>>> print(open('protein.cif').read())   # mmCIF, C-alpha atoms
data_my_file
#
loop_
_atom_site.label_atom_id
_atom_site.label_comp_id
_atom_site.auth_asym_id
_atom_site.auth_seq_id
_atom_site.Cartn_x
_atom_site.Cartn_y
_atom_site.Cartn_z
CA MET A 24 -20.97 111.56 1.23
CA ALA A 25 -20.18 108.22 -0.46
CA MET A 26 -20.90 107.56 -4.13
CA ASP A 27 -23.74 105.04 -4.46
CA PRO A 28 -24.43 104.35 -8.19
CA ARG A 29 -27.89 103.04 -7.31
CA ALA A 30 -28.99 106.63 -6.79
CA LEU A 31 -28.46 107.25 -10.51
CA TRP A 32 -30.50 104.16 -11.37
CA THR A 33 -33.61 105.88 -9.98
CA MET A 34 -33.47 108.50 -12.75
CA SER A 35 -36.14 108.24 -15.43
CA TYR A 36 -35.31 107.67 -19.12
CA GLY A 37 -37.06 106.90 -22.37
CA MET A 38 -35.99 104.57 -25.19
CA TYR A 39 -35.10 106.08 -28.54
CA LEU A 40 -33.65 105.08 -31.90
CA VAL A 41 -31.10 107.64 -33.12
CA THR A 42 -30.20 107.82 -36.83
CA ALA A 43 -27.56 109.73 -38.78
CA ARG A 44 -25.89 109.87 -42.19
CA ALA A 45 -22.49 111.00 -43.51
CA GLY A 46 -20.36 110.18 -46.52
CA GLY A 47 -23.01 108.01 -48.12
CA ARG A 48 -23.36 105.78 -45.01
CA ALA A 49 -26.33 105.75 -42.66
CA ASN A 50 -26.99 103.97 -39.39
CA GLY A 51 -29.20 103.82 -36.34
CA GLN A 52 -28.75 102.85 -32.70
CA ILE A 53 -30.73 102.59 -29.49
CA ALA A 54 -30.17 105.42 -26.98
CA ASN A 55 -31.77 106.45 -23.73
CA ALA A 56 -29.97 109.74 -23.07
CA VAL A 57 -32.18 111.94 -25.27
CA PHE A 58 -33.90 115.00 -23.83
CA GLN A 59 -35.35 118.40 -24.68
CA VAL A 60 -33.16 121.34 -23.66
CA THR A 61 -35.30 124.37 -24.57
CA ALA A 62 -38.78 125.05 -25.96
CA GLU A 63 -38.17 128.29 -27.86
CA PRO A 64 -36.27 127.65 -30.02
CA PRO A 65 -36.85 123.88 -29.75
CA ARG A 66 -33.51 122.27 -28.92
CA VAL A 67 -32.69 118.71 -27.95
CA ALA A 68 -29.60 116.85 -26.78
CA ILE A 69 -28.34 113.27 -27.09
CA ALA A 70 -25.38 111.44 -25.58
CA ILE A 71 -23.64 108.96 -27.90
CA ASN A 72 -20.67 106.72 -27.12
CA LYS A 73 -17.57 107.72 -29.07
CA GLU A 74 -16.95 104.11 -30.09
CA ASN A 75 -20.31 103.82 -31.86
CA PHE A 76 -20.59 104.10 -35.64
CA THR A 77 -23.55 106.48 -35.26
CA HIS A 78 -21.34 108.86 -33.26
CA ASP A 79 -19.02 109.38 -36.24
CA LEU A 80 -21.94 109.88 -38.62
CA ILE A 81 -23.44 112.59 -36.40
CA ARG A 82 -20.05 114.26 -35.96
CA ASP A 83 -19.29 114.25 -39.70
CA GLY A 84 -22.81 114.77 -41.05
CA GLY A 85 -23.98 117.47 -38.65
CA TRP A 86 -27.52 116.08 -38.33
CA PHE A 87 -29.34 113.46 -36.30
CA ALA A 88 -32.87 112.17 -35.86
CA PHE A 89 -34.52 110.12 -33.17
CA SER A 90 -37.61 107.94 -33.04
CA VAL A 91 -39.53 107.62 -29.78
CA LEU A 92 -40.09 103.87 -29.49
CA ALA A 93 -43.50 102.44 -28.64
CA ASP A 94 -43.90 100.21 -25.61
CA THR A 95 -44.98 97.42 -27.97
CA VAL A 96 -41.64 97.33 -29.80
CA PRO A 97 -40.35 93.73 -30.16
CA MET A 98 -37.22 92.85 -28.21
CA GLU A 99 -35.70 91.56 -31.46
CA PHE A 100 -35.98 95.10 -32.88
CA ILE A 101 -34.14 96.53 -29.87
CA GLY A 102 -31.58 93.77 -30.22
CA LEU A 103 -30.93 94.70 -33.85
CA PHE A 104 -30.31 98.38 -33.14
CA GLY A 105 -28.91 98.06 -29.62
CA PHE A 106 -26.57 95.07 -29.73
CA LYS A 107 -25.26 95.01 -33.31
CA SER A 108 -22.82 97.41 -34.96
CA GLY A 109 -23.67 99.33 -38.12
CA ARG A 110 -20.08 98.77 -39.22
CA ASP A 111 -20.99 95.11 -39.71
CA VAL A 112 -24.75 95.09 -40.35
CA ASP A 113 -27.02 97.26 -42.52
CA LYS A 114 -29.57 97.72 -39.77
CA LEU A 115 -31.71 100.23 -41.63
CA ALA A 116 -32.29 97.70 -44.41
CA GLN A 117 -34.18 95.60 -41.86
CA ALA A 118 -36.54 98.36 -40.72
CA THR A 119 -39.27 100.59 -42.11
CA VAL A 120 -37.45 103.81 -42.98
CA ARG A 121 -38.57 107.13 -44.45
CA GLU A 122 -36.30 109.86 -45.72
CA GLY A 123 -36.13 113.00 -43.60
CA LEU A 124 -34.63 116.34 -44.56
CA HIS A 125 -31.07 115.08 -44.16
CA VAL A 126 -31.12 111.68 -42.43
CA PRO A 127 -33.32 108.56 -42.56
CA LEU A 128 -36.18 108.29 -40.10
CA VAL A 129 -37.11 104.90 -38.62
CA VAL A 130 -40.90 104.87 -38.41
CA ALA A 131 -41.45 101.22 -37.49
CA HIS A 132 -42.47 100.77 -33.83
CA ALA A 133 -42.26 104.54 -33.25
CA VAL A 134 -44.78 106.96 -31.78
CA ALA A 135 -42.94 110.08 -32.98
CA VAL A 136 -39.87 111.21 -34.92
CA THR A 137 -37.73 114.36 -34.69
CA GLU A 138 -34.88 115.59 -36.88
CA ALA A 139 -32.27 118.06 -35.63
CA ARG A 140 -29.29 120.06 -36.89
CA VAL A 141 -26.22 119.86 -34.65
CA LEU A 142 -25.38 123.16 -32.97
CA LEU A 143 -22.85 122.06 -30.39
CA ALA A 144 -20.81 118.98 -29.50
CA MET A 145 -19.53 118.65 -25.93
CA ASP A 146 -16.89 116.14 -24.85
CA ALA A 147 -18.25 114.09 -21.92
CA GLY A 148 -15.47 111.53 -21.62
CA SER A 149 -16.66 108.22 -23.09
CA HIS A 150 -19.58 110.02 -24.77
CA THR A 151 -20.21 113.16 -26.79
CA VAL A 152 -23.27 115.24 -26.00
CA PHE A 153 -24.70 116.64 -29.24
CA VAL A 154 -27.06 119.60 -28.87
CA GLY A 155 -29.27 120.19 -31.88
CA GLU A 156 -32.06 122.45 -33.07
CA ALA A 157 -35.19 120.48 -33.93
CA VAL A 158 -36.19 121.41 -37.48
CA SER A 159 -38.93 118.85 -38.08
CA ALA A 160 -41.05 116.60 -35.88
CA GLU A 161 -44.10 114.39 -36.34
CA VAL A 162 -46.38 112.27 -34.16
CA LEU A 163 -46.85 108.89 -35.84
CA SER A 164 -49.23 107.08 -33.48
CA ALA A 165 -51.15 107.44 -30.25
CA GLY A 166 -49.30 104.56 -28.60
CA ALA A 167 -47.50 104.86 -25.29
CA PRO A 168 -43.73 105.36 -25.43
CA LEU A 169 -41.38 102.73 -24.02
CA THR A 170 -39.59 103.81 -20.85
CA TYR A 171 -36.18 102.58 -19.77
CA ALA A 172 -37.78 101.06 -16.67
CA GLY A 173 -40.30 99.28 -18.90
CA TYR A 174 -37.46 97.91 -21.02
CA HIS A 175 -35.70 96.50 -17.96
CA ALA A 176 -38.98 95.00 -16.76
CA ARG A 177 -38.99 93.02 -20.02
CA LYS A 178 -35.60 91.52 -19.09
CA GLY A 179 -33.61 94.03 -21.12
CA LYS A 180 -30.08 95.13 -20.24
CA ALA A 181 -28.06 98.18 -21.19
CA PRO A 182 -25.32 97.45 -23.75
CA LYS A 183 -21.75 98.17 -22.68
CA ASN A 184 -21.56 101.45 -24.64
CA ALA A 185 -24.71 102.91 -23.05
CA PRO A 186 -24.28 105.80 -20.59
CA THR A 187 -26.39 103.86 -18.07
CA TYR A 188 -24.40 100.62 -18.34
CA ARG A 189 -24.08 99.13 -14.86
CA GLY A 190 -21.13 96.81 -15.47
CA ASP A 191 -20.23 94.62 -12.54
CA ALA A 192 -22.91 96.22 -10.40
CA GLU A 193 -25.49 93.80 -11.78
CA PRO A 194 -23.67 90.52 -12.55
CA PRO A 195 -25.60 87.56 -13.91
CA ALA A 196 -26.83 85.02 -11.43
CA PRO A 197 -24.36 82.18 -10.77
CA PRO A 198 -25.06 78.94 -12.58
CA THR A 199 -27.30 76.51 -10.78
CA ALA A 200 -28.56 73.08 -11.63
CA PRO A 201 -31.51 73.73 -13.96
CA ALA A 202 -34.90 72.27 -13.27
CA VAL A 203 -36.66 70.48 -16.07
CA ALA A 204 -37.94 72.96 -18.66
CA SER A 205 -36.59 75.95 -16.72
CA PRO A 206 -36.14 79.38 -18.35
CA TRP A 207 -32.65 80.50 -19.35
CA THR A 208 -31.53 84.12 -19.62
CA CYS A 209 -29.01 85.64 -22.02
CA GLY A 210 -26.08 87.13 -20.13
CA VAL A 211 -25.53 89.69 -22.90
CA CYS A 212 -28.90 91.33 -23.49
CA GLY A 213 -31.16 89.89 -20.79
CA TYR A 214 -33.55 88.01 -23.11
CA THR A 215 -35.20 85.05 -21.36
CA TYR A 216 -35.87 81.86 -23.27
CA ASP A 217 -39.10 80.34 -21.91
CA PRO A 218 -39.50 76.68 -22.88
CA ALA A 219 -43.27 77.02 -22.61
CA GLU A 220 -43.19 79.62 -25.40
CA GLY A 221 -40.26 78.32 -27.43
CA ASP A 222 -38.99 80.50 -30.26
CA PRO A 223 -41.53 79.95 -33.06
CA ALA A 224 -40.11 82.81 -35.15
CA HIS A 225 -36.93 80.76 -35.52
CA GLY A 226 -38.46 77.31 -35.80
CA ILE A 227 -38.39 76.33 -32.12
CA ALA A 228 -41.73 74.86 -31.03
CA PRO A 229 -43.33 75.64 -27.65
CA GLY A 230 -42.37 73.02 -25.07
CA THR A 231 -38.75 72.73 -26.27
CA ARG A 232 -36.31 72.61 -23.35
CA PHE A 233 -33.28 74.89 -23.55
CA GLU A 234 -31.05 71.84 -23.35
CA ASP A 235 -32.71 70.48 -26.49
CA LEU A 236 -32.17 73.57 -28.62
CA PRO A 237 -29.86 73.07 -31.62
CA ASP A 238 -26.21 73.89 -30.90
CA ASP A 239 -26.28 76.63 -33.54
CA TRP A 240 -29.33 78.36 -32.02
CA VAL A 241 -28.58 81.95 -30.99
CA CYS A 242 -30.32 84.57 -28.90
CA PRO A 243 -33.09 86.06 -31.07
CA VAL A 244 -32.40 89.53 -29.63
CA CYS A 245 -28.62 89.99 -29.69
CA GLY A 246 -27.34 86.89 -31.50
CA ALA A 247 -25.34 85.55 -28.55
CA PRO A 248 -24.63 81.78 -28.64
CA LYS A 249 -26.21 79.25 -26.29
CA ASP A 250 -23.23 79.25 -23.93
CA ALA A 251 -23.99 82.91 -23.08
CA PHE A 252 -27.20 81.81 -21.32
CA LEU A 253 -27.62 80.97 -17.65
CA PRO A 254 -30.51 79.12 -15.97
CA ASP A 255 -32.92 81.24 -13.96
#
>>> encode(input="protein.cif", output="structure tokens")
Amino acid sequence: MAMDPRALWTMSYGMYLVTARAGGRANGQIANAVFQVTAEPPRVAIAINKENFTHDLIRDGGWFAFSVLADTVPMEFIGLFGFKSGRDVDKLAQATVREGLHVPLVVAHAVAVTEARVLLAMDAGSHTVFVGEAVSAEVLSAGAPLTYAGYHARKGKAPKNAPTYRGDAEPPAPPTAPAVASPWTCGVCGYTYDPAEGDPAHGIAPGTRFEDLPDDWVCPVCGAPKDAFLPD
């Protein structure tokens, strides 16, 4: 039987924000490979890319937490934690955070949080699978959680270090001659700039064509420059 990666794309995932701390440093990142392993005792597992800063903090600190993101979470919030590195940016300083037993808990845009002590780390090639015992958990709101399918429906893409990254299997559309006031999509994170909406949060009024955006304007989700966008 041939290997068709599209079969794996049919699998269901959630969207989570994983946090960790070690050596006086703390960080958080977006993850979708988070799942419950057992009920009694309550154990959970996460898969984290070895190149990510959060991976080293979990490995060295021995604890991790994850927030279940609400389906109303802004794309800019996902961009902060999914497309920027904690080695360069203090992401937690830009979020609503509460101290847990051992690691910070991000409570902004979350329906629930769980904190776990690492029991086992398994080498999975590009990723490490950390299995942990859940020692504390709390429901924060009655909102619906964001699914991975829901994220993609909002024009989101998986970052390169995600276990579900599709690489060349979903290349951006080839450039075409743009129509007047046509939408443009970021080739990095999938954010779509809609001229009808503009980008009011960053001073761009509704009705502003992409071509008329300032040269120093960047994607409000991942920070990519204008030349990373392609017309829809």
>>> resolve_selection(input="protein.cif", expression="the PyMOL selection byres ((chain A and resi 67) around 8)", output="list in words")
Val57, Phe58, Gln59, Val60, Thr61, Pro65, Arg66, Ala68, Ile69, Ala139, Val154, Gly155, Glu156 and Ala157 of chain A
>>> residues_around(input="protein.cif", residues="Arg48 in chain A", least_positions_apart="3", cutoff="10 Å", atoms="only C-alpha atoms", output="PyMOL selection string")
chain A and resi 43-45+76-77+80+84+109-110+113
>>> residues_near_point(input="protein.cif", point="(-32.5, 102.9, -36.5)", cutoff="9 Å", atoms="only C-alpha atoms", output="list in words")
Tyr39, Leu40, Val41, Thr42, Ala43, Asn50, Gly51, Gln52, Ile53, Phe89, Ser90, Leu103, Phe104, Lys114, Leu115, Ala118, Val120, Pro127, Leu128, Val129 and Val130 of chain A
>>> closest_residue(input="protein.cif", among="A:Ala247, A:Asp238, A:Pro254, A:Ile227", to="Thr208 in chain A", atoms="all atoms listed in the file")
A:Pro254
>>> residues_around(input="protein.cif", residues="range 161-170 of chain A", least_positions_apart="6", cutoff="7 Å", atoms="only C-alpha atoms", output="CSV table (one decimal) with C-alpha atoms, in the coordinates of the input")
chain,number,residue,atom,x,y,z
A,36,TYR,CA,-35.3,107.7,-19.1
A,37,GLY,CA,-37.1,106.9,-22.4
A,38,MET,CA,-36.0,104.6,-25.2
A,91,VAL,CA,-39.5,107.6,-29.8
A,92,LEU,CA,-40.1,103.9,-29.5
A,93,ALA,CA,-43.5,102.4,-28.6
A,94,ASP,CA,-43.9,100.2,-25.6
A,133,ALA,CA,-42.3,104.5,-33.2
A,134,VAL,CA,-44.8,107.0,-31.8
A,135,ALA,CA,-42.9,110.1,-33.0
A,136,VAL,CA,-39.9,111.2,-34.9
A,137,THR,CA,-37.7,114.4,-34.7
>>> atom_distance(input="protein.cif", atom1="CA of Glu234 in chain A", atom2="CA of Gly213 in chain A")
18.2 Å
>>> atom_distance(input="protein.cif", atom1="CA of His175 in chain A", atom2="CA of Pro97 in chain A")
13.3 Å
>>> atom_distance(input="protein.cif", atom1="CA of His225 in chain A", atom2="CA of Ala251 in chain A")
18.1 Å
>>> resolve_selection(input="protein.cif", expression="the PyMOL selection byres ((chain A and resi 231) around 10)", output="VMD selection string")
chain A and resid 204 217 to 222 227 to 230 232 to 236
>>> residues_around(input="protein.cif", residues="Val244 in chain A", least_positions_apart="5", cutoff="10 Å", atoms="all atoms listed in the file", output="list in words")
Pro97, Met98, Glu99, Phe100, Ile101, Gly102, Leu103, Phe104, Gly105, Phe106, Lys107, Gly179, Cys209, Val211, Cys212, Gly213, Tyr214 and Thr215 of chain A
>>> write_last_selection(input="protein.cif", atoms="C-alpha atoms", output="mmCIF file, in the frame of the given file")
data_model
loop_
_atom_site.group_PDB
_atom_site.id
_atom_site.type_symbol
_atom_site.label_atom_id
_atom_site.label_comp_id
_atom_site.auth_asym_id
_atom_site.auth_seq_id
_atom_site.Cartn_x
_atom_site.Cartn_y
_atom_site.Cartn_z
ATOM 1 C CA PRO A 97 -40.350 93.730 -30.160
ATOM 2 C CA MET A 98 -37.220 92.850 -28.210
ATOM 3 C CA GLU A 99 -35.700 91.560 -31.460
ATOM 4 C CA PHE A 100 -35.980 95.100 -32.880
ATOM 5 C CA ILE A 101 -34.140 96.530 -29.870
ATOM 6 C CA GLY A 102 -31.580 93.770 -30.220
ATOM 7 C CA LEU A 103 -30.930 94.700 -33.850
ATOM 8 C CA PHE A 104 -30.310 98.380 -33.140
ATOM 9 C CA GLY A 105 -28.910 98.060 -29.620
ATOM 10 C CA PHE A 106 -26.570 95.070 -29.730
ATOM 11 C CA LYS A 107 -25.260 95.010 -33.310
ATOM 12 C CA GLY A 179 -33.610 94.030 -21.120
ATOM 13 C CA CYS A 209 -29.010 85.640 -22.020
ATOM 14 C CA VAL A 211 -25.530 89.690 -22.900
ATOM 15 C CA CYS A 212 -28.900 91.330 -23.490
ATOM 16 C CA GLY A 213 -31.160 89.890 -20.790
ATOM 17 C CA TYR A 214 -33.550 88.010 -23.110
ATOM 18 C CA THR A 215 -35.200 85.050 -21.360
#
>>> closest_residue(input="protein.cif", among="A:Val158, A:Leu253, A:Ala131, A:Ala25", to="Gln117 in chain A", atoms="all atoms listed in the file")
A:Ala131
>>> build_atoms(input="protein.cif", residues="range 164-175 of chain A", atoms="all heavy atoms", output="mmCIF file, in the frame of the given file")
data_model
loop_
_atom_site.group_PDB
_atom_site.id
_atom_site.type_symbol
_atom_site.label_atom_id
_atom_site.label_comp_id
_atom_site.auth_asym_id
_atom_site.auth_seq_id
_atom_site.Cartn_x
_atom_site.Cartn_y
_atom_site.Cartn_z
ATOM 1 N N SER A 164 -48.156 107.913 -34.034
ATOM 2 C CA SER A 164 -49.230 107.080 -33.480
ATOM 3 C C SER A 164 -49.578 107.565 -32.089
ATOM 4 O O SER A 164 -48.849 108.356 -31.484
ATOM 5 C CB SER A 164 -48.815 105.606 -33.438
ATOM 6 O OG SER A 164 -47.891 105.383 -32.389
ATOM 7 N N ALA A 165 -50.688 107.058 -31.585
ATOM 8 C CA ALA A 165 -51.150 107.440 -30.250
ATOM 9 C C ALA A 165 -50.678 106.456 -29.192
ATOM 10 O O ALA A 165 -51.137 106.504 -28.046
ATOM 11 C CB ALA A 165 -52.672 107.535 -30.234
ATOM 12 N N GLY A 166 -49.776 105.567 -29.551
ATOM 13 C CA GLY A 166 -49.300 104.560 -28.600
ATOM 14 C C GLY A 166 -48.479 105.170 -27.479
ATOM 15 O O GLY A 166 -47.975 106.298 -27.583
ATOM 16 N N ALA A 167 -48.310 104.412 -26.418
ATOM 17 C CA ALA A 167 -47.500 104.860 -25.290
ATOM 18 C C ALA A 167 -46.025 104.622 -25.576
ATOM 19 O O ALA A 167 -45.662 103.597 -26.149
ATOM 20 C CB ALA A 167 -47.909 104.110 -24.024
ATOM 21 N N PRO A 168 -45.159 105.561 -25.208
ATOM 22 C CA PRO A 168 -43.730 105.360 -25.430
ATOM 23 C C PRO A 168 -43.132 104.373 -24.430
ATOM 24 O O PRO A 168 -43.603 104.250 -23.295
ATOM 25 C CB PRO A 168 -43.133 106.765 -25.224
ATOM 26 C CG PRO A 168 -44.102 107.460 -24.335
ATOM 27 C CD PRO A 168 -45.453 106.909 -24.669
ATOM 28 N N LEU A 169 -42.093 103.670 -24.874
ATOM 29 C CA LEU A 169 -41.380 102.730 -24.020
ATOM 30 C C LEU A 169 -40.455 103.509 -23.089
ATOM 31 O O LEU A 169 -39.694 104.360 -23.529
ATOM 32 C CB LEU A 169 -40.574 101.749 -24.856
ATOM 33 C CG LEU A 169 -39.693 100.751 -24.103
ATOM 34 C CD1 LEU A 169 -40.541 99.810 -23.255
ATOM 35 C CD2 LEU A 169 -38.824 99.961 -25.082
ATOM 36 N N THR A 170 -40.514 103.210 -21.803
ATOM 37 C CA THR A 170 -39.590 103.810 -20.850
ATOM 38 C C THR A 170 -38.421 102.861 -20.604
ATOM 39 O O THR A 170 -38.501 101.655 -20.878
ATOM 40 C CB THR A 170 -40.276 104.114 -19.514
ATOM 41 O OG1 THR A 170 -40.664 102.866 -18.899
ATOM 42 C CG2 THR A 170 -41.501 104.997 -19.718
ATOM 43 N N TYR A 171 -37.342 103.398 -20.081
ATOM 44 C CA TYR A 171 -36.180 102.580 -19.770
ATOM 45 C C TYR A 171 -36.518 101.561 -18.691
ATOM 46 O O TYR A 171 -36.077 100.412 -18.732
ATOM 47 C CB TYR A 171 -35.035 103.488 -19.330
ATOM 48 C CG TYR A 171 -33.679 102.835 -19.335
ATOM 49 C CD1 TYR A 171 -33.208 102.181 -20.465
ATOM 50 C CD2 TYR A 171 -32.856 102.897 -18.223
ATOM 51 C CE1 TYR A 171 -31.953 101.597 -20.489
ATOM 52 C CE2 TYR A 171 -31.596 102.318 -18.222
ATOM 53 C CZ TYR A 171 -31.152 101.666 -19.359
ATOM 54 O OH TYR A 171 -29.906 101.086 -19.372
ATOM 55 N N ALA A 172 -37.350 101.984 -17.719
ATOM 56 C CA ALA A 172 -37.780 101.060 -16.670
ATOM 57 C C ALA A 172 -38.629 99.939 -17.272
ATOM 58 O O ALA A 172 -38.511 98.769 -16.879
ATOM 59 C CB ALA A 172 -38.576 101.800 -15.596
ATOM 60 N N GLY A 173 -39.489 100.288 -18.245
ATOM 61 C CA GLY A 173 -40.300 99.280 -18.900
ATOM 62 C C GLY A 173 -39.450 98.292 -19.683
ATOM 63 O O GLY A 173 -39.751 97.094 -19.729
ATOM 64 N N TYR A 174 -38.373 98.789 -20.294
ATOM 65 C CA TYR A 174 -37.460 97.910 -21.020
ATOM 66 C C TYR A 174 -36.795 96.922 -20.075
ATOM 67 O O TYR A 174 -36.706 95.720 -20.359
ATOM 68 C CB TYR A 174 -36.409 98.767 -21.737
ATOM 69 C CG TYR A 174 -35.225 98.007 -22.274
ATOM 70 C CD1 TYR A 174 -35.368 97.072 -23.291
ATOM 71 C CD2 TYR A 174 -33.952 98.226 -21.755
ATOM 72 C CE1 TYR A 174 -34.272 96.379 -23.786
ATOM 73 C CE2 TYR A 174 -32.853 97.536 -22.240
ATOM 74 C CZ TYR A 174 -33.018 96.620 -23.257
ATOM 75 O OH TYR A 174 -31.929 95.932 -23.736
ATOM 76 N N HIS A 175 -36.332 97.396 -18.928
ATOM 77 C CA HIS A 175 -35.700 96.500 -17.960
ATOM 78 C C HIS A 175 -36.696 95.503 -17.398
ATOM 79 O O HIS A 175 -36.337 94.361 -17.087
ATOM 80 C CB HIS A 175 -35.062 97.311 -16.829
ATOM 81 C CG HIS A 175 -33.680 97.775 -17.147
ATOM 82 N ND1 HIS A 175 -32.574 96.972 -17.029
ATOM 83 C CD2 HIS A 175 -33.222 98.967 -17.604
ATOM 84 C CE1 HIS A 175 -31.498 97.637 -17.390
ATOM 85 N NE2 HIS A 175 -31.859 98.852 -17.746
#
